[in-house]
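Student: Below is one structure. I have some questions about it.
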Amino acid sequence: MEIRYDVEVDARGLQCPMPIVNARKAFQTLQPGQTLRVLATDPGSVNDFKGWANMVADAELVAQETIEMDGKTVYVHYVRKK
């Protein structure tokens with residue numbers, strides 16, 4: 001999946017709630033229409049990002065995918081600022 005993004009947060013190795021905490025900080029710096037890409041190794045981040053995007057009025061969860069990176073499963077989340 002090829003999705004264009006403006007800012008990336010590498011939250012690999014961090015456990016809940018840190019991927020969301022770091023993503024929220026970066027998300028606040030985005031302009032409307034920009035997309036944040038978050039890399040996480042915590043499988044719980046899949047549901048965490050779904051819930052966060054539903055709670056934040058100006059956040060849209062564009063896509064989620066699972067990839068292999070450096071021999072580890074990485075959960076990739078794309079969140080656009082409305």
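Chain identifiers are assigned as A, B, and so on, following the order in which chains appear in the structure tokens; residues are numbered from 1 within each chain, and ligands are numbered from 1 in order of appearance.
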Can you list every residue in chain A that DSSP puts in alpha helix (DSSP H), as a ChimeraX atom specification?
Tutor: /A:18-27,45-55
Student: Restricting the output to N, CA and C atoms, write the selected residues as an mmCIF file, in the first residue's frame.
Tutor:
```
data_model
loop_
_atom_site.group_PDB
_atom_site.id
_atom_site.type_symbol
_atom_site.label_atom_id
_atom_site.label_comp_id
_atom_site.auth_asym_id
_atom_site.auth_seq_id
_atom_site.Cartn_x
_atom_site.Cartn_y
_atom_site.Cartn_z
ATOM 1 N N MET A 18 2.023 4.589 24.858
ATOM 2 C CA MET A 18 3.020 5.489 24.275
ATOM 3 C C MET A 18 2.892 5.702 22.763
ATOM 4 N N PRO A 19 2.529 4.713 21.948
ATOM 5 C CA PRO A 19 2.353 5.030 20.520
ATOM 6 C C PRO A 19 1.298 6.115 20.290
ATOM 7 N N ILE A 20 0.201 6.045 21.039
ATOM 8 C CA ILE A 20 -0.849 7.070 20.916
ATOM 9 C C ILE A 20 -0.364 8.405 21.469
ATOM 10 N N VAL A 21 0.313 8.390 22.586
ATOM 11 C CA VAL A 21 0.816 9.631 23.195
ATOM 12 C C VAL A 21 1.753 10.349 22.220
ATOM 13 N N ASN A 22 2.682 9.620 21.636
ATOM 14 C CA ASN A 22 3.624 10.233 20.690
ATOM 15 C C ASN A 22 2.911 10.682 19.416
ATOM 16 N N ALA A 23 1.946 9.891 18.965
ATOM 17 C CA ALA A 23 1.189 10.265 17.767
ATOM 18 C C ALA A 23 0.381 11.530 18.012
ATOM 19 N N ARG A 24 -0.222 11.636 19.171
ATOM 20 C CA ARG A 24 -1.045 12.811 19.484
ATOM 21 C C ARG A 24 -0.199 14.084 19.475
ATOM 22 N N LYS A 25 1.007 14.013 20.012
ATOM 23 C CA LYS A 25 1.907 15.179 20.007
ATOM 24 C C LYS A 25 2.226 15.601 18.581
ATOM 25 N N ALA A 26 2.564 14.640 17.736
ATOM 26 C CA ALA A 26 2.890 14.949 16.342
ATOM 27 C C ALA A 26 1.655 15.419 15.586
ATOM 28 N N PHE A 27 0.501 14.831 15.863
ATOM 29 C CA PHE A 27 -0.744 15.183 15.181
ATOM 30 C C PHE A 27 -1.102 16.648 15.412
ATOM 31 N N SER A 45 -2.005 -1.542 19.320
ATOM 32 C CA SER A 45 -2.101 -0.224 18.686
ATOM 33 C C SER A 45 -3.151 -0.205 17.581
ATOM 34 N N VAL A 46 -3.456 -1.356 16.986
ATOM 35 C CA VAL A 46 -4.469 -1.406 15.923
ATOM 36 C C VAL A 46 -5.808 -0.896 16.462
ATOM 37 N N ASN A 47 -6.265 -1.446 17.555
ATOM 38 C CA ASN A 47 -7.529 -0.993 18.144
ATOM 39 C C ASN A 47 -7.400 0.370 18.804
ATOM 40 N N ASP A 48 -6.225 0.661 19.375
ATOM 41 C CA ASP A 48 -6.013 1.970 20.009
ATOM 42 C C ASP A 48 -6.179 3.103 18.992
ATOM 43 N N PHE A 49 -5.625 2.948 17.802
ATOM 44 C CA PHE A 49 -5.725 4.003 16.799
ATOM 45 C C PHE A 49 -7.140 4.126 16.249
ATOM 46 N N LYS A 50 -7.843 3.014 16.133
ATOM 47 C CA LYS A 50 -9.251 3.074 15.706
ATOM 48 C C LYS A 50 -10.060 3.881 16.714
ATOM 49 N N GLY A 51 -9.883 3.589 17.983
ATOM 50 C CA GLY A 51 -10.608 4.300 19.030
ATOM 51 C C GLY A 51 -10.235 5.762 19.114
ATOM 52 N N TRP A 52 -8.944 6.050 19.007
ATOM 53 C CA TRP A 52 -8.481 7.442 19.091
ATOM 54 C C TRP A 52 -9.054 8.262 17.949
ATOM 55 N N ALA A 53 -9.014 7.722 16.728
ATOM 56 C CA ALA A 53 -9.532 8.457 15.569
ATOM 57 C C ALA A 53 -11.031 8.705 15.690
ATOM 58 N N ASN A 54 -11.755 7.786 16.321
ATOM 59 C CA ASN A 54 -13.195 7.993 16.528
ATOM 60 C C ASN A 54 -13.484 9.062 17.566
ATOM 61 N N MET A 55 -12.570 9.247 18.510
ATOM 62 C CA MET A 55 -12.780 10.219 19.589
ATOM 63 C C MET A 55 -12.333 11.623 19.224
#
```
Student: Do a neighbour search on A:Pro43 at 10 Å with only C-alpha atoms, toss out local chain neighbours closer than 5 positions, and write the hits as a PDB file with N, CA and C atoms, in the first residue's frame.
Tutor:
```
ATOM      1  N   GLN A  15       5.170   0.360  24.286  1.00  0.00           N
ATOM      2  CA  GLN A  15       3.912  -0.286  24.653  1.00  0.00           C
ATOM      3  C   GLN A  15       2.854   0.760  24.938  1.00  0.00           C
ATOM      4  N   CYS A  16       1.615   0.314  24.908  1.00  0.00           N
ATOM      5  CA  CYS A  16       0.463   1.166  25.196  1.00  0.00           C
ATOM      6  C   CYS A  16       0.681   1.883  26.520  1.00  0.00           C
ATOM      7  N   ASP A  48      -6.225   0.661  19.375  1.00  0.00           N
ATOM      8  CA  ASP A  48      -6.013   1.970  20.009  1.00  0.00           C
ATOM      9  C   ASP A  48      -6.179   3.103  18.992  1.00  0.00           C
ATOM     10  N   THR A  66      -0.119  -4.031   8.102  1.00  0.00           N
ATOM     11  CA  THR A  66       0.899  -4.768   8.842  1.00  0.00           C
ATOM     12  C   THR A  66       2.005  -5.113   7.868  1.00  0.00           C
ATOM     13  N   THR A  73       7.214  -7.699  13.153  1.00  0.00           N
ATOM     14  CA  THR A  73       5.917  -7.258  12.663  1.00  0.00           C
ATOM     15  C   THR A  73       5.703  -5.817  13.098  1.00  0.00           C
ATOM     16  N   VAL A  74       5.374  -4.962  12.143  1.00  0.00           N
ATOM     17  CA  VAL A  74       5.147  -3.545  12.420  1.00  0.00           C
ATOM     18  C   VAL A  74       3.735  -3.181  11.957  1.00  0.00           C
ATOM     19  N   TYR A  75       3.008  -2.519  12.829  1.00  0.00           N
ATOM     20  CA  TYR A  75       1.659  -2.046  12.538  1.00  0.00           C
ATOM     21  C   TYR A  75       1.776  -0.585  12.135  1.00  0.00           C
TER      22      TYR A  75
END
```
Student: Check chain A with DSSP on the backbone and list each residue it calls strand (DSSP E or B), as a ChimeraX atom specification.
Tutor: /A:7-11,35-40,59-69,72-81
Student: Can you work out which one of A:Leu36, A:Thr41, A:Arg80, A:Ala63 has the shortest atom-to-atom distance to A:Glu8, counting only C-alpha atoms?
Tutor: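 Ranking A:Leu36, A:Thr41, A:Arg80, A:Ala63 by distance to A:Glu8, first place goes to A:Leu36.
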Student: Quick one: everything within 8 Å of A:Val62, counting only C-alpha atoms, minus sequence neighbours fewer than 5 positions away in the same chain. Send it as a VMD selection string.
Tutor: chain A and resid 77 to 80
Student: Only N, CA and C atoms, please: the residues just picked out, written as an mmCIF file, in the first residue's frame.
Tutor:
```
data_model
loop_
_atom_site.group_PDB
_atom_site.id
_atom_site.type_symbol
_atom_site.label_atom_id
_atom_site.label_comp_id
_atom_site.auth_asym_id
_atom_site.auth_seq_id
_atom_site.Cartn_x
_atom_site.Cartn_y
_atom_site.Cartn_z
ATOM 1 N N HIS A 77 -0.016 2.901 10.892
ATOM 2 C CA HIS A 77 -1.280 3.642 10.979
ATOM 3 C C HIS A 77 -1.120 4.970 10.255
ATOM 4 N N TYR A 78 -2.100 5.309 9.449
ATOM 5 C CA TYR A 78 -2.117 6.584 8.718
ATOM 6 C C TYR A 78 -3.303 7.394 9.205
ATOM 7 N N VAL A 79 -3.034 8.559 9.765
ATOM 8 C CA VAL A 79 -4.085 9.407 10.312
ATOM 9 C C VAL A 79 -3.997 10.781 9.642
ATOM 10 N N ARG A 80 -5.086 11.210 9.046
ATOM 11 C CA ARG A 80 -5.141 12.511 8.372
ATOM 12 C C ARG A 80 -5.855 13.522 9.263
#
```
Student: Expressed in Å to a single decimal, how great is the separation between atom CA of A:Gly13 and atom CA of A:Arg37?
Tutor: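 Straight-line distance from atom CA of A:Gly13 to atom CA of A:Arg37 works out to 15.9 Å.
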Student: Closest to A:Leu14 among A:Glu2, A:Gly44, A:Pro32, A:Ala57, using only C-alpha atoms?
Tutor: A:Gly44
Student: Taking only C-alpha atoms into account, which of A:Asp70, A:Glu65, A:Lys81, A:Leu39 comes nearest A:Ala11?
Tutor: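 Ranking A:Asp70, A:Glu65, A:Lys81, A:Leu39 by distance to A:Ala11, first place goes to A:Leu39.
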Student: How far is it from atom CA of A:Glu60 to atom CA of A:Thr35, in Å with one decimal?
Tutor: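 Interatomic distance here is 9.1 Å.
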Student: Given only C-alpha atoms as the basis, pick out the residue of A:Lys72, A:Gln28, A:Pro17, A:Gln64 nearest to A:Ile3.
Tutor: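 Selected residue with least distance to A:Ile3: A:Gln64.
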Student: Would you compute the distance between atom CA of A:Met69 and atom CA of A:Thr29? Give it in Å to one decimal.
Tutor: 26.7 Å
